[in-house]
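Next up, query.tsv (TSV, C-alpha atoms):
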```
chain	number	residue	atom	x	y	z
A	528	MET	CA	-37.96	1.25	26.94
A	529	THR	CA	-41.67	0.59	27.51
A	530	ASP	CA	-42.59	-2.94	28.52
A	531	HIS	CA	-44.15	-4.64	25.48
A	532	VAL	CA	-47.30	-5.69	27.38
A	533	THR	CA	-47.70	-2.14	28.68
A	534	GLN	CA	-47.43	-0.85	25.13
A	535	ALA	CA	-49.99	-3.38	23.91
A	536	TYR	CA	-52.41	-2.25	26.63
A	537	LEU	CA	-51.89	1.45	25.86
A	538	ASP	CA	-52.39	0.80	22.14
A	539	ASP	CA	-55.74	-0.98	22.64
A	540	GLU	CA	-58.27	1.75	23.42
A	541	GLY	CA	-60.95	-0.88	24.00
A	542	LEU	CA	-59.18	-1.85	27.22
A	543	HIS	CA	-58.94	1.64	28.68
A	544	GLY	CA	-62.23	1.45	30.59
A	545	LEU	CA	-61.01	-1.53	32.63
A	546	MET	CA	-60.33	0.25	35.93
A	547	GLY	CA	-63.71	1.97	35.97
A	548	ARG	CA	-65.70	-1.27	35.67
A	549	LEU	CA	-63.87	-3.44	38.21
A	550	ASP	CA	-66.08	-5.48	40.54
A	551	LEU	CA	-64.18	-4.61	43.73
A	552	PRO	CA	-64.98	-6.31	47.05
A	553	PRO	CA	-66.65	-3.84	49.48
A	554	GLY	CA	-63.64	-3.29	51.73
A	555	LEU	CA	-61.24	-2.83	48.83
A	556	ARG	CA	-63.65	-0.41	47.13
A	557	ALA	CA	-64.05	1.65	50.31
A	558	ALA	CA	-60.29	1.86	50.80
A	559	TYR	CA	-59.13	2.50	47.24
A	560	GLY	CA	-62.03	2.72	44.79
A	561	HIS	CA	-61.92	6.52	44.70
A	562	ARG	CA	-58.18	6.67	43.97
A	563	LEU	CA	-57.43	4.25	41.16
A	564	VAL	CA	-54.90	4.98	38.43
A	565	ASN	CA	-56.64	4.54	35.08
A	566	ARG	CA	-54.51	1.55	34.09
A	567	PRO	CA	-52.92	-1.60	35.48
A	568	PHE	CA	-49.14	-1.98	35.51
A	569	PHE	CA	-47.18	-4.83	33.96
A	570	LEU	CA	-43.76	-6.34	34.57
A	571	ASP	CA	-41.76	-9.24	33.23
A	572	GLU	CA	-41.90	-11.99	35.87
A	573	ARG	CA	-38.18	-12.66	35.65
A	574	THR	CA	-37.46	-9.02	36.41
A	575	ALA	CA	-39.84	-9.15	39.38
A	576	HIS	CA	-37.90	-12.09	40.83
A	577	ASP	CA	-34.46	-10.70	39.93
A	578	VAL	CA	-35.09	-7.40	41.69
A	579	ALA	CA	-36.58	-9.25	44.66
A	580	ALA	CA	-33.40	-11.36	44.83
A	581	ASP	CA	-31.34	-8.17	44.92
A	582	VAL	CA	-33.55	-6.81	47.70
A	583	LEU	CA	-33.13	-10.03	49.69
A	584	ASP	CA	-29.35	-9.81	49.27
A	585	PHE	CA	-29.55	-6.20	50.38
A	586	PHE	CA	-31.39	-7.22	53.54
A	587	GLU	CA	-28.64	-9.76	54.22
A	588	LEU	CA	-26.12	-6.91	54.02
A	589	LEU	CA	-28.19	-4.92	56.50
A	590	PHE	CA	-28.38	-7.93	58.83
A	591	SER	CA	-24.57	-8.14	58.72
A	592	LEU	CA	-23.99	-4.57	59.91
A	593	PRO	CA	-23.92	-5.19	63.69
A	594	GLY	CA	-21.17	-7.79	63.30
A	595	ARG	CA	-19.36	-6.08	60.45
A	596	LEU	CA	-19.23	-2.58	61.89
A	597	PHE	CA	-19.84	-2.90	65.63
A	598	GLY	CA	-18.22	-6.16	66.70
A	599	GLY	CA	-21.64	-7.74	67.22
A	600	SER	CA	-22.73	-5.09	69.71
A	601	PHE	CA	-26.39	-4.21	69.20
A	602	THR	CA	-26.02	-1.50	71.83
A	603	ARG	CA	-23.52	0.32	69.62
A	604	PHE	CA	-25.59	-0.45	66.52
A	605	ALA	CA	-28.73	1.03	68.09
A	606	ASP	CA	-26.78	4.08	69.25
A	607	ALA	CA	-25.44	4.66	65.73
A	608	LEU	CA	-29.02	4.56	64.43
A	609	GLY	CA	-30.26	6.94	67.14
A	610	ILE	CA	-32.53	4.34	68.78
A	611	PRO	CA	-33.23	5.13	72.47
A	612	PRO	CA	-31.95	2.48	74.95
A	613	ALA	CA	-35.43	1.62	76.26
A	614	GLU	CA	-36.58	0.77	72.73
A	615	ALA	CA	-33.37	-1.08	71.85
A	616	ALA	CA	-33.78	-3.23	74.97
A	617	LEU	CA	-37.10	-4.49	73.60
A	618	MET	CA	-35.76	-5.01	70.11
A	619	GLY	CA	-32.94	-7.28	71.19
A	620	SER	CA	-30.60	-8.98	68.74
A	621	GLU	CA	-32.93	-11.52	67.12
A	622	ARG	CA	-32.43	-11.88	63.38
A	623	PRO	CA	-35.92	-11.28	62.03
A	624	PRO	CA	-37.46	-13.16	59.15
A	625	VAL	CA	-37.37	-11.15	55.97
A	626	HIS	CA	-40.65	-9.36	55.56
A	627	GLY	CA	-40.20	-6.09	53.77
A	628	ARG	CA	-41.20	-3.69	51.08
A	629	ALA	CA	-38.62	-1.92	48.98
A	630	ASP	CA	-39.87	1.34	47.49
A	631	ILE	CA	-38.30	1.61	44.07
A	632	TYR	CA	-38.26	3.90	41.04
A	633	ARG	CA	-37.92	2.54	37.51
A	634	VAL	CA	-35.15	4.33	35.62
A	635	GLY	CA	-35.19	3.02	32.06
A	636	ASP	CA	-34.46	-0.70	32.36
A	637	ARG	CA	-33.02	-0.31	35.86
A	638	PHE	CA	-34.67	-0.14	39.26
A	639	ARG	CA	-33.34	2.18	41.99
A	640	LEU	CA	-34.17	1.75	45.65
A	641	LEU	CA	-35.46	4.77	47.57
A	642	GLU	CA	-35.89	3.06	50.93
A	643	VAL	CA	-36.65	-0.30	52.52
A	644	ASN	CA	-39.38	-0.91	55.03
A	645	ALA	CA	-38.98	-3.94	57.27
A	646	GLY	CA	-41.63	-5.58	59.40
A	647	SER	CA	-45.23	-6.68	59.16
A	648	GLN	CA	-46.61	-3.16	59.65
A	649	LEU	CA	-46.26	-2.30	55.97
A	650	GLY	CA	-48.97	-0.54	54.05
A	651	GLY	CA	-50.31	-1.66	50.70
A	652	PRO	CA	-50.29	-5.48	50.78
A	653	ASP	CA	-54.00	-5.56	49.94
A	654	LEU	CA	-53.20	-3.96	46.58
A	655	GLY	CA	-52.40	-7.53	45.56
A	656	GLU	CA	-56.13	-8.06	45.82
A	657	LEU	CA	-56.61	-5.25	43.31
A	658	ALA	CA	-54.33	-7.15	40.94
A	659	ARG	CA	-56.50	-10.25	41.45
A	660	VAL	CA	-59.67	-8.35	40.55
A	661	ILE	CA	-58.06	-6.83	37.46
A	662	HIS	CA	-56.84	-10.28	36.39
A	663	ALA	CA	-60.34	-11.76	36.83
A	664	ASP	CA	-62.28	-9.07	34.94
A	665	PRO	CA	-64.32	-10.88	32.24
A	666	GLY	CA	-63.71	-8.29	29.55
A	667	PHE	CA	-59.95	-8.42	30.22
A	668	GLN	CA	-59.65	-12.18	29.81
A	669	PRO	CA	-58.56	-12.21	26.13
A	670	PHE	CA	-55.66	-9.89	26.98
A	671	VAL	CA	-54.78	-11.99	30.05
A	672	ARG	CA	-54.64	-15.16	27.96
A	673	GLU	CA	-52.78	-13.54	25.07
A	674	HIS	CA	-49.96	-12.33	27.29
A	675	GLY	CA	-49.97	-15.08	29.93
A	676	LEU	CA	-50.64	-12.64	32.78
A	677	GLY	CA	-50.57	-13.55	36.46
A	678	TYR	CA	-50.18	-11.85	39.82
A	679	VAL	CA	-48.70	-12.39	43.28
A	680	ASN	CA	-50.70	-11.41	46.36
A	681	PRO	CA	-48.66	-9.99	49.30
A	682	VAL	CA	-51.41	-10.88	51.81
A	683	GLU	CA	-51.29	-14.50	50.71
A	684	LYS	CA	-47.51	-14.48	51.14
A	685	LEU	CA	-47.88	-12.96	54.61
A	686	LEU	CA	-50.31	-15.69	55.64
A	687	ASP	CA	-47.97	-18.33	54.21
A	688	ALA	CA	-45.16	-16.93	56.38
A	689	ILE	CA	-47.35	-16.95	59.49
A	690	GLY	CA	-48.44	-20.54	58.90
A	691	PRO	CA	-51.84	-22.26	58.72
A	692	ASP	CA	-54.42	-22.96	61.40
A	693	ARG	CA	-53.32	-20.32	63.88
A	694	THR	CA	-55.28	-17.63	65.73
A	695	VAL	CA	-54.03	-14.31	64.36
A	696	ALA	CA	-54.53	-10.72	65.51
A	697	PHE	CA	-53.39	-7.47	63.97
A	698	LEU	CA	-52.20	-5.35	66.89
A	699	GLU	CA	-51.51	-1.63	66.90
A	700	GLU	CA	-51.44	1.21	69.40
A	701	GLY	CA	-52.20	4.91	69.34
A	702	GLY	CA	-55.41	4.87	67.32
A	703	MET	CA	-54.05	3.54	64.03
A	704	LEU	CA	-57.04	1.21	63.67
A	705	ALA	CA	-59.32	4.22	63.73
A	706	ARG	CA	-57.15	6.38	61.46
A	707	PHE	CA	-56.73	3.67	58.84
A	708	ALA	CA	-59.95	1.75	59.42
A	709	LYS	CA	-60.72	1.30	55.71
A	710	GLY	CA	-57.27	-0.08	55.00
A	711	PHE	CA	-57.45	-2.55	57.87
A	712	GLU	CA	-60.91	-3.70	56.79
A	713	SER	CA	-59.67	-4.24	53.25
A	714	PHE	CA	-56.75	-6.24	54.61
A	715	ARG	CA	-59.02	-8.30	56.86
A	716	GLU	CA	-61.45	-8.85	53.97
A	717	THR	CA	-58.61	-10.32	51.90
A	718	CYS	CA	-57.56	-12.59	54.77
A	719	ALA	CA	-61.15	-13.82	55.15
A	720	ARG	CA	-61.33	-14.66	51.44
A	721	LEU	CA	-58.15	-16.69	51.93
A	722	GLY	CA	-59.74	-18.55	54.84
A	723	VAL	CA	-58.18	-16.71	57.80
A	724	ASP	CA	-60.33	-14.71	60.22
A	725	VAL	CA	-58.17	-12.00	61.76
A	726	LEU	CA	-58.83	-10.18	65.03
A	727	LEU	CA	-58.08	-6.47	65.36
A	728	GLY	CA	-56.96	-4.82	68.58
A	729	GLU	CA	-54.59	-2.50	70.41
A	730	LEU	CA	-51.74	-3.20	72.80
A	731	HIS	CA	-53.57	-1.78	75.79
A	732	GLU	CA	-56.41	-4.28	75.26
A	733	LEU	CA	-54.15	-7.30	75.76
A	734	THR	CA	-54.12	-9.59	78.75
A	735	THR	CA	-51.88	-12.59	79.43
A	736	ARG	CA	-52.50	-16.11	80.64
A	737	ASP	CA	-50.28	-19.21	80.66
A	738	GLY	CA	-47.60	-17.36	78.70
A	739	TYR	CA	-49.91	-16.31	75.84
A	740	LEU	CA	-51.30	-12.95	74.84
A	741	HIS	CA	-55.09	-12.78	74.87
A	742	LEU	CA	-57.23	-10.27	73.01
A	743	HIS	CA	-60.80	-9.86	74.26
A	744	GLY	CA	-60.49	-13.27	75.90
A	745	THR	CA	-59.13	-15.09	72.82
A	746	LYS	CA	-55.71	-16.73	73.05
A	747	LEU	CA	-53.40	-15.57	70.25
A	748	ASP	CA	-50.96	-17.80	68.43
A	749	VAL	CA	-49.60	-14.92	66.36
A	750	ALA	CA	-49.71	-11.15	66.83
A	751	VAL	CA	-48.99	-9.35	63.56
A	752	ARG	CA	-47.25	-6.19	64.65
A	753	TYR	CA	-48.65	-2.81	63.62
A	754	PHE	CA	-46.93	-0.99	66.47
A	755	ASN	CA	-43.37	0.23	66.85
A	756	ALA	CA	-40.78	-0.08	69.58
A	757	ALA	CA	-41.58	3.33	71.06
A	758	GLN	CA	-45.22	2.29	71.51
A	759	ALA	CA	-44.20	-1.09	72.93
A	760	VAL	CA	-42.13	0.37	75.78
A	761	ALA	CA	-45.22	1.10	77.90
A	762	HIS	CA	-46.41	-2.50	77.39
A	763	ALA	CA	-43.09	-4.29	77.81
A	764	ASP	CA	-44.28	-6.30	80.80
A	765	THR	CA	-47.36	-7.59	78.98
A	766	LEU	CA	-45.35	-8.59	75.92
A	767	ALA	CA	-42.77	-10.36	78.08
A	768	LYS	CA	-45.45	-12.32	79.94
A	769	GLY	CA	-47.07	-13.29	76.62
A	770	HIS	CA	-43.82	-14.63	75.16
A	771	LYS	CA	-45.44	-17.83	73.82
A	772	THR	CA	-47.41	-15.77	71.32
A	773	GLU	CA	-45.28	-15.22	68.23
A	774	LEU	CA	-44.72	-11.56	67.42
A	775	TYR	CA	-44.65	-11.23	63.65
A	776	THR	CA	-42.49	-9.53	62.83
A	777	PRO	CA	-40.30	-9.18	65.93
A	778	LEU	CA	-39.35	-5.69	67.03
A	779	SER	CA	-35.79	-6.30	65.82
A	780	SER	CA	-37.11	-5.74	62.28
A	781	TYR	CA	-37.06	-2.03	63.04
A	782	TYR	CA	-33.25	-1.99	62.93
A	783	TYR	CA	-33.33	-2.82	59.25
A	784	GLY	CA	-36.23	-0.68	58.01
A	785	SER	CA	-34.76	2.70	58.92
A	786	LYS	CA	-33.35	5.14	56.39
A	787	SER	CA	-30.47	5.58	58.83
A	788	THR	CA	-29.51	1.94	58.29
A	789	ILE	CA	-29.21	2.55	54.53
A	790	ALA	CA	-27.14	5.66	55.21
A	791	LEU	CA	-24.87	3.63	57.48
A	792	LEU	CA	-24.36	0.98	54.80
A	793	SER	CA	-23.81	3.58	52.07
A	794	GLU	CA	-21.28	5.41	54.23
A	795	HIS	CA	-19.28	2.23	54.94
A	796	ARG	CA	-19.21	0.98	51.36
A	797	GLU	CA	-15.44	0.37	51.68
A	798	ALA	CA	-16.15	-2.45	54.15
A	799	LEU	CA	-17.90	-4.47	51.42
A	800	ASP	CA	-16.44	-6.98	49.01
A	801	ASP	CA	-16.67	-6.43	45.25
A	802	ASP	CA	-19.95	-8.30	44.76
A	803	GLU	CA	-21.54	-6.45	47.68
A	804	LYS	CA	-20.35	-3.10	46.34
A	805	ALA	CA	-21.85	-3.96	42.96
A	806	LEU	CA	-25.17	-4.77	44.62
A	807	VAL	CA	-25.24	-1.50	46.55
A	808	ASP	CA	-24.22	0.50	43.48
A	809	ARG	CA	-26.91	-1.23	41.42
A	810	LEU	CA	-29.70	-0.52	43.90
A	811	VAL	CA	-28.94	2.39	46.19
A	812	PRO	CA	-28.47	6.08	45.42
A	813	TRP	CA	-25.82	7.91	47.48
A	814	THR	CA	-27.27	8.28	51.01
A	815	ARG	CA	-25.77	9.78	54.17
A	816	SER	CA	-26.81	10.92	57.61
A	817	LEU	CA	-27.56	14.61	57.17
A	818	ARG	CA	-25.43	15.67	60.13
A	819	ASP	CA	-22.35	14.02	58.56
A	820	VAL	CA	-22.40	16.00	55.30
A	821	PRO	CA	-20.71	19.42	55.06
A	822	ARG	CA	-23.27	22.20	54.83
A	823	ASP	CA	-21.48	23.82	51.87
A	824	LEU	CA	-21.82	20.60	49.85
A	825	LEU	CA	-25.53	20.36	50.70
A	826	ARG	CA	-26.12	23.93	49.54
A	827	GLU	CA	-24.09	23.45	46.37
A	828	ARG	CA	-25.96	20.28	45.35
A	829	ARG	CA	-29.47	21.38	46.35
A	830	GLU	CA	-31.10	20.44	43.02
A	831	GLU	CA	-29.70	16.90	43.20
A	832	LEU	CA	-30.58	16.11	46.82
A	833	ILE	CA	-33.57	15.19	48.96
A	834	VAL	CA	-33.68	15.29	52.77
A	835	LYS	CA	-35.82	12.71	54.61
A	836	ALA	CA	-36.65	12.06	58.24
A	837	ALA	CA	-34.96	8.77	59.15
A	838	GLY	CA	-38.13	7.53	60.80
A	839	GLY	CA	-40.53	9.44	58.59
A	840	PHE	CA	-43.99	7.94	58.01
A	841	ALA	CA	-46.29	8.34	55.02
A	842	GLY	CA	-44.22	11.03	53.34
A	843	ALA	CA	-43.72	13.10	56.49
A	844	GLY	CA	-40.46	14.98	56.86
A	845	VAL	CA	-39.43	14.85	53.18
A	846	HIS	CA	-37.80	17.91	51.61
A	847	PRO	CA	-36.84	17.72	47.89
A	848	GLY	CA	-34.16	20.31	47.18
A	849	TRP	CA	-35.10	20.71	43.51
A	850	LEU	CA	-38.53	22.07	44.52
A	851	MET	CA	-37.07	24.71	46.85
A	852	THR	CA	-35.28	28.00	46.53
A	853	ASP	CA	-31.79	28.39	47.97
A	854	ARG	CA	-33.28	30.27	50.93
A	855	GLU	CA	-35.93	27.61	51.62
A	856	TRP	CA	-33.33	24.86	51.40
A	857	ALA	CA	-31.00	26.65	53.79
A	858	ARG	CA	-33.86	27.08	56.26
A	859	VAL	CA	-34.69	23.36	56.14
A	860	LEU	CA	-31.05	22.46	56.73
A	861	ASP	CA	-30.94	24.79	59.73
A	862	GLU	CA	-34.16	23.40	61.17
A	863	VAL	CA	-33.39	19.67	60.87
A	864	GLY	CA	-29.59	19.60	60.70
A	865	ASP	CA	-29.23	18.09	64.18
A	866	GLU	CA	-32.26	15.78	63.91
A	867	PRO	CA	-32.26	12.14	62.70
A	868	TYR	CA	-32.50	12.92	58.99
A	869	VAL	CA	-30.76	11.48	55.95
A	870	VAL	CA	-29.84	13.11	52.67
A	871	GLN	CA	-30.10	11.14	49.46
A	872	GLU	CA	-29.15	11.67	45.85
A	873	ARG	CA	-32.12	12.50	43.63
A	874	VAL	CA	-33.43	9.63	41.51
A	875	ARG	CA	-35.07	10.69	38.24
A	876	PRO	CA	-37.66	8.03	37.41
A	877	THR	CA	-38.92	7.11	33.99
A	878	LEU	CA	-42.39	8.64	33.77
A	879	ASP	CA	-45.50	6.64	32.94
A	880	VAL	CA	-48.38	7.18	30.53
A	881	VAL	CA	-51.97	6.95	31.78
A	882	PRO	CA	-54.82	6.66	29.23
A	883	GLY	CA	-57.09	9.69	29.10
A	884	ASP	CA	-54.60	11.88	30.95
A	885	ASP	CA	-52.02	14.02	29.18
A	886	ARG	CA	-49.92	14.40	32.34
A	887	PRO	CA	-46.86	12.19	32.88
A	888	TYR	CA	-47.05	10.08	36.04
A	889	VAL	CA	-44.33	9.15	38.52
A	890	THR	CA	-44.71	5.68	40.04
A	891	THR	CA	-43.34	4.03	43.16
A	892	TRP	CA	-43.05	0.28	42.79
A	893	GLY	CA	-43.41	-1.28	46.25
A	894	TRP	CA	-41.59	-4.62	46.00
A	895	PHE	CA	-42.75	-6.97	48.77
A	896	VAL	CA	-40.32	-9.73	49.74
A	897	THR	CA	-40.27	-12.57	52.24
A	898	ASP	CA	-37.56	-15.15	52.90
A	899	ARG	CA	-38.98	-17.04	49.91
A	900	GLY	CA	-38.46	-14.16	47.48
A	901	PHE	CA	-40.85	-11.99	45.49
A	902	ALA	CA	-44.10	-11.49	47.41
A	903	GLY	CA	-46.10	-9.13	45.21
A	904	MET	CA	-46.29	-5.41	44.63
A	905	SER	CA	-48.01	-2.23	45.67
A	906	ILE	CA	-48.23	0.38	42.93
A	907	ARG	CA	-48.57	4.05	43.87
A	908	SER	CA	-48.60	6.72	41.19
A	909	MET	CA	-49.41	10.38	40.70
A	910	PRO	CA	-48.89	13.17	38.16
A	911	SER	CA	-45.24	14.18	38.33
A	912	ALA	CA	-46.14	17.87	38.60
A	913	ASP	CA	-48.03	17.25	41.87
A	914	GLY	CA	-45.01	16.78	44.09
A	915	ALA	CA	-42.10	14.53	44.93
A	916	VAL	CA	-43.60	12.13	47.48
A	917	VAL	CA	-45.66	9.26	46.06
A	918	SER	CA	-47.24	8.23	49.36
A	919	TYR	CA	-50.85	7.07	49.56
A	920	ALA	CA	-51.46	8.16	53.15
A	921	GLY	CA	-49.28	11.25	52.98
A	922	ASN	CA	-50.43	12.74	49.67
A	923	PRO	CA	-54.12	12.89	48.69
A	924	LEU	CA	-53.12	13.14	45.03
A	925	THR	CA	-51.50	9.71	45.04
A	926	LYS	CA	-53.43	6.92	43.32
A	927	VAL	CA	-52.99	3.15	43.31
A	928	SER	CA	-53.11	0.25	40.89
A	929	GLY	CA	-52.36	-3.43	40.63
A	930	LEU	CA	-49.40	-5.19	39.05
A	931	LEU	CA	-49.68	-8.13	36.67
A	932	VAL	CA	-46.64	-10.17	35.67
A	933	HIS	CA	-46.00	-11.86	32.33
```

What would the structure in this file look like if it were written as structure tokens?
Amino acid sequence: MTDHVTQAYLDDEGLHGLMGRLDLPPGLRAAYGHRLVNRPFFLDERTAHDVAADVLDFFELLFSLPGRLFGGSFTRFADALGIPPAEAALMGSERPPVHGRADIYRVGDRFRLLEVNAGSQLGGPDLGELARVIHADPGFQPFVREHGLGYVNPVEKLLDAIGPDRTVAFLEEGGMLARFAKGFESFRETCARLGVDVLLGELHELTTRDGYLHLHGTKLDVAVRYFNAAQAVAHADTLAKGHKTELYTPLSSYYYGSKSTIALLSEHREALDDDEKALVDRLVPWTRSLRDVPRDLLRERREELIVKAAGGFAGAGVHPGWLMTDREWARVLDEVGDEPYVVQERVRPTLDVVPGDDRPYVTTWGWFVTDRGFAGMSIRSMPSADGAVVSYAGNPLTKVSGLLVH
């Protein structure tokens, strides 16, 4: 069933030029202005919070796995997830704060989770700024008032979690700042509007003094992590010496943002109580480690399965069986069968209408959550005929929009 505000927007042709006239800030325009979906998206605010509550409960289940399945041993937990010992040693056993994005498909009135991403290094939080600009458009104000529309900004929620009056740097390694320069500038632009000037740098640029990390001579209170455990191994000594600088989020977040962790939970469903089983069944499609599923079953169910790299980034390593021939599918299974891949049941999303475009669109709803609950949304959408991976960085056909709640 179409959301009633969505239907009201689609029915009012006078509103359909909204996205083309937005007064975007320079950084946001450079990052996304050329790839906007020709409509905003709308969601009932109660649903936004209810799904976020489910996602938070799901994270609590993930946090319980080391104790529930491995007697509290993070060494065994890391081994089950295929995490190398040198990386696991840096990650430790610290329970991270919840900072995540659940990528979700809408299926009728339900929402089905494709994967969770845990940690501060998540893409798309600045799309909350796009929602702000949509909400503020002068010509859109009558519709905003009529339907009581609002928005939640993930960047604002991130800064709330970090805390006020602290020196903050976004840290990465391996050239990500250069590769995603426009996205980082958009993110930093949003932070500046919210009163926080953020430094940008790479791990190899850090020095330490008096127990703090320093970037270009500036002492850091908080380092927002845009690097992973594998990249941190070469800088372990620096990070250890700079232990007074808070790492947000800690490297232990990586345990809980892997597709392998979802596969592990799905596989051990029998260890859950009835309420926990209901939560998993409500959210998560059947998911398993690829190497644990009989090859005959994989071949038989090709059209209902998708294979994904457990640590895949931006749509990399994703193989939808329904878009392949039997021979192509068999070749993929042979090539990646012993690698850290998961196989997941196909989710068939409800398709969306975009004004001025006869093609149906498939949309990924990126639910941001923090310990306090719903923290905004990133909306990524593309024509359903253009592929199976709705990833902004991994698919040039993917477009973005903002979400308003009512």

Item to check | One-decimal distance in Å that lies between atom CA of Leu740 of chain A and atom CA of Gly769 of chain A | outcome: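 Going from atom CA of Gly769 of chain A over to atom CA of Leu740 of chain A covers 4.6 Å.
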
Next on the checklist: When you look at Ala912 of chain A with a cut-off of 9 Å (counting all atoms listed in the file), what residues show up, excluding the ones that are within fewer than 6 positions of it in the same chain? I need them as a PyMOL selection string.
Outcome noted: chain A and resi 886-889

Contacts between segment 791-811 of chain A and segment 723-786 of chain A, please, where a residue of segment 723-786 of chain A counts if it comes within 12 Å (with all atoms listed in the file); show its shortest atom pair and distance in Å to one decimal, rows by chain and ascending number, as a Markdown table.
```
| residue | atom | partner | partner_atom | distance |
| --- | --- | --- | --- | --- |
| A:Tyr782 | CA | A:Leu791 | CA | 11.5 |
| A:Tyr783 | CA | A:Leu792 | CA | 10.7 |
| A:Ser785 | CA | A:Leu791 | CA | 10.0 |
| A:Lys786 | CA | A:Leu791 | CA | 8.7 |
```

Checklist entry - Using all atoms listed in the file, which residues sit within 10 Å of segment 742-747 of chain A once same-chain residues fewer than 6 positions away are excluded, as a count of residues only? => result 21

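Distances from A:His933, A:Arg752, A:Arg715, A:Arg829 to Val679 of chain A were compared using only C-alpha atoms, and the smallest one belongs to A:His933.
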
Item to check | Close residues, segment 594-607 of chain A itself excluded, 8 Å, only C-alpha atoms, min 3 positions apart in chain, as JSON, numbers by chain | outcome: {"A": [591, 610, 611, 612, 615, 619, 620, 782, 798]}

Around all the atoms of segment 678-697 of chain A listed in the file, draw an axis-aligned box and extend it by 6 Å on each of the six sides; I want its centre and edge lengths in Å to one decimal, as JSON.
```
{"center_x": -50.2, "center_y": -15.2, "center_z": 52.8, "size_x": 22.1, "size_y": 27.5, "size_z": 37.9}
```

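Separating atom CA of Met618 of chain A from atom CA of Leu588 of chain A is a distance of 18.9 Å.
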
Checklist entry - In Å, how far is it from atom CA of His576 of chain A to atom CA of Thr891 of chain A? => result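 Between atom CA of His576 of chain A and atom CA of Thr891 of chain A the gap works out to 17.2 Å.
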
Can you tell me, as a CSV table (one decimal) with C-alpha atoms, keeping the file's coordinate frame, what residues are no more than 9 Å from Leu860 of chain A when counting only C-alpha atoms, ignoring any on the same chain fewer than 5 positions away?
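As written to disk, result_39.csv reads:
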```csv
chain,number,residue,atom,x,y,z
A,817,LEU,CA,-27.6,14.6,57.2
A,822,ARG,CA,-23.3,22.2,54.8
A,825,LEU,CA,-25.5,20.4,50.7
A,826,ARG,CA,-26.1,23.9,49.5
A,834,VAL,CA,-33.7,15.3,52.8
A,855,GLU,CA,-35.9,27.6,51.6
A,865,ASP,CA,-29.2,18.1,64.2
```

Checklist entry - So, counting all atoms listed in the file, which residue among A:Ala756, A:Leu685, A:Val564, A:Ile833 is closest to Leu924 of chain A? => result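 Under the stated criterion, the closest residue is A:Val564.
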
Checklist entry - Between A:Ser787, A:Ser918, A:Ser779, A:Gln871, which is the closest to Gly609 of chain A once you count only C-alpha atoms? => result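 Answer, going by the shortest atom-to-atom distance: A:Ser787.
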
Checklist entry - Using only C-alpha atoms, which of the listed residues (A:Val917, A:Phe568, A:Phe697, A:Ala579) sits closest to Gly900 of chain A? => result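 Of A:Val917, A:Phe568, A:Phe697, A:Ala579, the one nearest Gly900 of chain A is A:Ala579, counting only C-alpha atoms.
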
Checklist entry - Which is closest to Leu930 of chain A among A:Gly690, A:Pro567, A:Gly844, A:Pro910, if we use only C-alpha atoms? => result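 Checking each of A:Gly690, A:Pro567, A:Gly844, A:Pro910 against Leu930 of chain A, counting only C-alpha atoms, the winner is A:Pro567.
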
Item to check | 9 Å contact set for Tyr753 of chain A, only C-alpha atoms, chain neighbours under 5 positions out, as JSON, numbers by chain | outcome: {"A": [646, 647, 648, 649, 697, 698, 699, 700, 703]}

Would you mind exporting C-alpha atoms of the selected residues as a PDB file, in the coordinates of the input?
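Below is the file that was written, selection14.pdb:
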```pdb
ATOM      1  CA  GLY A 646     -41.630  -5.580  59.400  1.00  0.00           C
ATOM      2  CA  SER A 647     -45.230  -6.680  59.160  1.00  0.00           C
ATOM      3  CA  GLN A 648     -46.610  -3.160  59.650  1.00  0.00           C
ATOM      4  CA  LEU A 649     -46.260  -2.300  55.970  1.00  0.00           C
ATOM      5  CA  PHE A 697     -53.390  -7.470  63.970  1.00  0.00           C
ATOM      6  CA  LEU A 698     -52.200  -5.350  66.890  1.00  0.00           C
ATOM      7  CA  GLU A 699     -51.510  -1.630  66.900  1.00  0.00           C
ATOM      8  CA  GLU A 700     -51.440   1.210  69.400  1.00  0.00           C
ATOM      9  CA  MET A 703     -54.050   3.540  64.030  1.00  0.00           C
TER      10      MET A 703
END
```

Item to check | Nearest-residue call for Gly650 of chain A, choices A:Val820, A:Val682, A:Val582, A:Val671, using only C-alpha atoms | outcome: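 Comparing A:Val820, A:Val682, A:Val582, A:Val671 against Gly650 of chain A, the winner is A:Val682.
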